[in-house]
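Input: a single structure, listed below in structure tokens.
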Amino acid sequence: MPIKIENLVYIYQKGTPFEKSALKGFSLTVNDGETIGIMGATGSGKSTLLQLLNGLLQPAAGTITIDGLLLGGMKKASLAKLRQQVAMVFQYPEQQIFEEHVYDEVAFGPINMGLDAQAVEERVIKALIQVGLDPAVYRKRSTANLSGGEKRRLAIAGMLASEPRYLLLDEPSAGLDPEMRVLLFENMSELNRLEKMTIIMVSHHLSDLLALCSRIIVLDNGQLVLDVASSKMLDSSEQLAQLGVDLTPAQQVVQQLKQRGWGITRSPRNPEEAGRLIVEKLANKL
């Protein structure tokens, strides 16, 4: 079932001189298996939205329905169960790793779900494979001796071991080198393709969102101001510019060719796709 957000309002420090509205009448429907990217300036409400979806924050008004369940007013036990299905990976999640060995870190969630040893083993192996960490190589590794990219993937594996239906990612590529960023998004794309997992990701970098997400939404001052398919972003280039969102270099090249009458309608998600679009049009012109 989809996630339905209706007229959501969240206010920080309500009733104080420092009161600030983070979300103002925000509404959105997220369909099963979608990959949605969220952009917006600092303070636009992006991370607040993720925390509301995970039940870490409670709205001042409006509703969130996930799998037919209304989040507001849930009891502690029900909320804990919900978080097994709606997993949130915070920015720099590796800072929250607390077990000494890789296997124990990933096994923590399944053990606390009351699964038997065999089921825990299966979940750990599956989760490590999903993030590109070979279980035979990594399961006995010390978490302290992992690289930054390996720790990031381990933290995500710890979430995946609970087999959530929804994955919330807050700036997941922060601090990663380019190679690790590519690998991370390849793993997440494969996870969405094979498991049909719904993924909602916040990032300041459009190129990161395009590496994973088929739909981009932009927040401004707590409100949804743009909701567009990744493949149709060129059609919204003027509005994006007004919102301070720059197209990627690959998109800019294709946009310039489109303006010169090349008839390219699809917005590329990466330089490789831009190259294919250009080659196809060149072939048609010859």
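Following the order of the structure tokens, chains are lettered A, B, ..., residues in each are numbered from 1, and ligands are numbered from 1.
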message: Taking 6 positions as the minimum chain separation for residues in the same chain, which residues sit within 12 Å of range 215-220 of chain A when counting only C-alpha atoms? Answer as a ChimeraX atom specification.
response: /A:21-31,33-49,198-209,226-233,236,239-245,267,269
task: Tell me which protein, DNA and RNA residues are within 10 Å of Ile156 in chain A, counting only C-alpha atoms, leaving out same-chain ones fewer than 6 positions away, and put them as a list in words.
output: Ala87, Met88, Val89, Phe90, Pro93, Glu94, Val106, Ala127, Leu128, Gln130, Val131, Glu150, Leu167, Leu169, Pro172, Leu184 and Met188 of chain A
Would you save the residues from that selection as a compact mmCIF listing (two decimals), in the first residue's frame, using C-alpha atoms?
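Contents of out.txt, freshly written:
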```txt
# COMPACT_ATOMS: atom_id res chain seq x y z
CA ALA A 87 13.96 1.99 8.34
CA MET A 88 15.81 5.29 8.51
CA VAL A 89 19.50 5.71 7.79
CA PHE A 90 20.78 8.97 9.24
CA PRO A 93 25.16 6.36 10.28
CA GLU A 94 28.54 4.69 10.83
CA VAL A 106 24.01 -6.69 11.41
CA ALA A 127 21.86 -7.95 4.13
CA LEU A 128 25.65 -7.99 3.68
CA GLN A 130 22.69 -6.48 -0.58
CA VAL A 131 25.18 -3.73 0.29
CA GLU A 150 32.51 0.04 4.35
CA LEU A 167 14.03 2.79 3.37
CA LEU A 169 18.06 7.82 3.46
CA PRO A 172 23.65 8.80 2.44
CA LEU A 184 26.39 2.75 -2.80
CA MET A 188 20.48 0.70 -3.57
```
field: Per-residue DSSP, range 218-259 of chain A, filtered to strand (DSSP E or B), as a list in words
entry: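 Secondary structure check on range 218-259 of chain A, strand (DSSP E or B): Val218, Leu219, Asp220, Gln223, Leu224, Val225, Leu226, Asp227, Val228 and Ala229 of chain A.
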message: If DSSP is run on the backbone, what residues of range 74-165 of chain A are alpha helix (DSSP H)? A reply as a PyMOL selection string would be ideal.
response: chain A and resi 76-85+102-112+117-130+135-138+148-160
Write to file, as a short mmCIF file (atom, residue, chain, number, x, y, z; two decimals), in the first residue's frame, the residues of the selection just made, with N, CA and C atoms.
```
data_model
loop_
_atom_site.label_atom_id
_atom_site.label_comp_id
_atom_site.auth_asym_id
_atom_site.auth_seq_id
_atom_site.Cartn_x
_atom_site.Cartn_y
_atom_site.Cartn_z
N LYS A 76 4.10 2.78 22.08
CA LYS A 76 5.54 2.56 21.91
C LYS A 76 5.83 1.26 21.21
N ALA A 77 5.14 0.18 21.56
CA ALA A 77 5.39 -1.14 20.96
C ALA A 77 5.02 -1.12 19.48
N SER A 78 3.91 -0.48 19.14
CA SER A 78 3.47 -0.40 17.75
C SER A 78 4.44 0.43 16.93
N LEU A 79 4.96 1.49 17.54
CA LEU A 79 5.91 2.36 16.85
C LEU A 79 7.23 1.62 16.58
N ALA A 80 7.67 0.83 17.54
CA ALA A 80 8.90 0.05 17.36
C ALA A 80 8.73 -0.95 16.21
N LYS A 81 7.54 -1.55 16.13
CA LYS A 81 7.27 -2.50 15.05
C LYS A 81 7.23 -1.79 13.70
N LEU A 82 6.66 -0.59 13.69
CA LEU A 82 6.61 0.19 12.46
C LEU A 82 8.02 0.48 11.95
N ARG A 83 8.93 0.80 12.86
CA ARG A 83 10.29 1.17 12.45
C ARG A 83 11.06 0.00 11.87
N GLN A 84 10.58 -1.22 12.11
CA GLN A 84 11.19 -2.36 11.44
C GLN A 84 10.81 -2.38 9.96
N GLN A 85 9.68 -1.77 9.63
CA GLN A 85 9.21 -1.70 8.25
C GLN A 85 9.60 -0.39 7.56
N VAL A 102 31.45 -7.23 12.55
CA VAL A 102 30.47 -6.97 11.50
C VAL A 102 29.22 -7.82 11.68
N TYR A 103 29.41 -9.13 11.90
CA TYR A 103 28.25 -10.02 12.02
C TYR A 103 27.33 -9.58 13.15
N ASP A 104 27.90 -9.27 14.29
CA ASP A 104 27.10 -8.89 15.46
C ASP A 104 26.33 -7.60 15.22
N GLU A 105 26.95 -6.67 14.47
CA GLU A 105 26.29 -5.40 14.18
C GLU A 105 25.03 -5.62 13.33
N VAL A 106 25.15 -6.44 12.30
CA VAL A 106 24.01 -6.69 11.41
C VAL A 106 22.97 -7.57 12.09
N ALA A 107 23.43 -8.45 12.97
CA ALA A 107 22.52 -9.39 13.63
C ALA A 107 21.70 -8.75 14.74
N PHE A 108 22.08 -7.58 15.18
CA PHE A 108 21.42 -6.94 16.33
C PHE A 108 19.90 -6.83 16.13
N GLY A 109 19.48 -6.31 14.98
CA GLY A 109 18.06 -6.12 14.73
C GLY A 109 17.28 -7.43 14.71
N PRO A 110 17.70 -8.40 13.89
CA PRO A 110 16.98 -9.68 13.85
C PRO A 110 16.92 -10.39 15.20
N ILE A 111 18.00 -10.30 15.99
CA ILE A 111 17.99 -10.93 17.32
C ILE A 111 16.92 -10.28 18.19
N ASN A 112 16.83 -8.96 18.13
CA ASN A 112 15.83 -8.26 18.93
C ASN A 112 14.41 -8.44 18.41
N ALA A 117 18.44 -18.59 15.62
CA ALA A 117 19.82 -18.43 15.12
C ALA A 117 19.92 -18.62 13.61
N GLN A 118 19.19 -19.59 13.08
CA GLN A 118 19.25 -19.86 11.64
C GLN A 118 18.67 -18.69 10.85
N ALA A 119 17.55 -18.17 11.31
CA ALA A 119 16.92 -17.04 10.63
C ALA A 119 17.81 -15.79 10.70
N VAL A 120 18.45 -15.59 11.86
CA VAL A 120 19.37 -14.47 12.01
C VAL A 120 20.53 -14.59 11.03
N GLU A 121 21.09 -15.80 10.96
CA GLU A 121 22.20 -16.06 10.03
C GLU A 121 21.80 -15.72 8.60
N GLU A 122 20.64 -16.16 8.19
CA GLU A 122 20.17 -15.93 6.82
C GLU A 122 19.99 -14.44 6.55
N ARG A 123 19.45 -13.73 7.52
CA ARG A 123 19.23 -12.29 7.34
C ARG A 123 20.54 -11.52 7.27
N VAL A 124 21.50 -11.91 8.10
CA VAL A 124 22.80 -11.22 8.09
C VAL A 124 23.48 -11.41 6.75
N ILE A 125 23.52 -12.64 6.27
CA ILE A 125 24.17 -12.93 5.00
C ILE A 125 23.49 -12.17 3.86
N LYS A 126 22.18 -12.19 3.83
CA LYS A 126 21.43 -11.50 2.79
C LYS A 126 21.69 -10.00 2.81
N ALA A 127 21.68 -9.40 4.01
CA ALA A 127 21.86 -7.95 4.13
C ALA A 127 23.27 -7.53 3.70
N LEU A 128 24.28 -8.31 4.07
CA LEU A 128 25.65 -7.99 3.68
C LEU A 128 25.81 -8.06 2.17
N ILE A 129 25.21 -9.07 1.56
CA ILE A 129 25.27 -9.19 0.10
C ILE A 129 24.57 -8.01 -0.56
N GLN A 130 23.46 -7.58 0.00
CA GLN A 130 22.69 -6.48 -0.58
C GLN A 130 23.48 -5.18 -0.63
N PRO A 135 29.96 -11.73 2.72
CA PRO A 135 29.89 -12.27 4.09
C PRO A 135 31.11 -13.11 4.47
N ALA A 136 31.65 -13.86 3.52
CA ALA A 136 32.80 -14.70 3.81
C ALA A 136 34.03 -13.87 4.18
N VAL A 137 34.09 -12.67 3.64
CA VAL A 137 35.24 -11.79 3.89
C VAL A 137 35.01 -10.90 5.11
N TYR A 138 33.78 -10.44 5.30
CA TYR A 138 33.54 -9.38 6.28
C TYR A 138 32.92 -9.83 7.60
N GLY A 148 35.67 4.15 5.72
CA GLY A 148 34.46 4.95 5.86
C GLY A 148 33.32 4.43 5.01
N GLY A 149 33.63 4.07 3.75
CA GLY A 149 32.60 3.54 2.86
C GLY A 149 32.06 2.20 3.33
N GLU A 150 32.94 1.35 3.85
CA GLU A 150 32.51 0.04 4.35
C GLU A 150 31.61 0.20 5.58
N LYS A 151 31.96 1.16 6.45
CA LYS A 151 31.13 1.40 7.63
C LYS A 151 29.74 1.91 7.22
N ARG A 152 29.71 2.78 6.20
CA ARG A 152 28.42 3.29 5.74
C ARG A 152 27.54 2.14 5.23
N ARG A 153 28.13 1.25 4.45
CA ARG A 153 27.36 0.13 3.92
C ARG A 153 26.96 -0.86 5.02
N LEU A 154 27.84 -1.01 6.02
CA LEU A 154 27.50 -1.87 7.15
C LEU A 154 26.30 -1.32 7.92
N ALA A 155 26.29 -0.01 8.13
CA ALA A 155 25.18 0.61 8.85
C ALA A 155 23.86 0.39 8.10
N ILE A 156 23.92 0.48 6.78
CA ILE A 156 22.72 0.25 5.97
C ILE A 156 22.32 -1.22 6.04
N ALA A 157 23.31 -2.12 6.03
CA ALA A 157 23.02 -3.56 6.14
C ALA A 157 22.30 -3.85 7.45
N GLY A 158 22.70 -3.16 8.53
CA GLY A 158 22.04 -3.36 9.81
C GLY A 158 20.57 -3.01 9.74
N MET A 159 20.22 -2.01 8.95
CA MET A 159 18.81 -1.66 8.75
C MET A 159 18.10 -2.70 7.88
N LEU A 160 18.78 -3.13 6.83
CA LEU A 160 18.16 -4.06 5.89
C LEU A 160 17.90 -5.43 6.51
#
```
Atomic separation - CA of Ser237 in chain A relative to CA of Leu183 in chain A, Å: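 It comes out at 28.4 Å.
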- prompt: At what distance in Å, to one decimal, does CA of Cys213 in chain A lie from CA of Asp134 in chain A?
  reply: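 Taking CA of Asp134 in chain A as the start and CA of Cys213 in chain A as the end point, the length is 25.7 Å.
Minimum atom-to-atom distance to Glu99 in chain A, evaluated using only C-alpha atoms, belongs to A:Thr143 out of A:Thr143, A:Glu280, A:Pro178, A:Val253.
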query: Pick the closest to Leu146 in chain A from A:Glu100, A:Glu272, A:Glu19, A:Asp67: which is it, counting only C-alpha atoms?
result: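 Smallest separation from Leu146 in chain A among the options: A:Glu100.
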query: What gap, in Å, lies between CA of Glu179 in chain A and CA of Tyr92 in chain A?
result: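 Those two atoms sit 17.1 Å apart.
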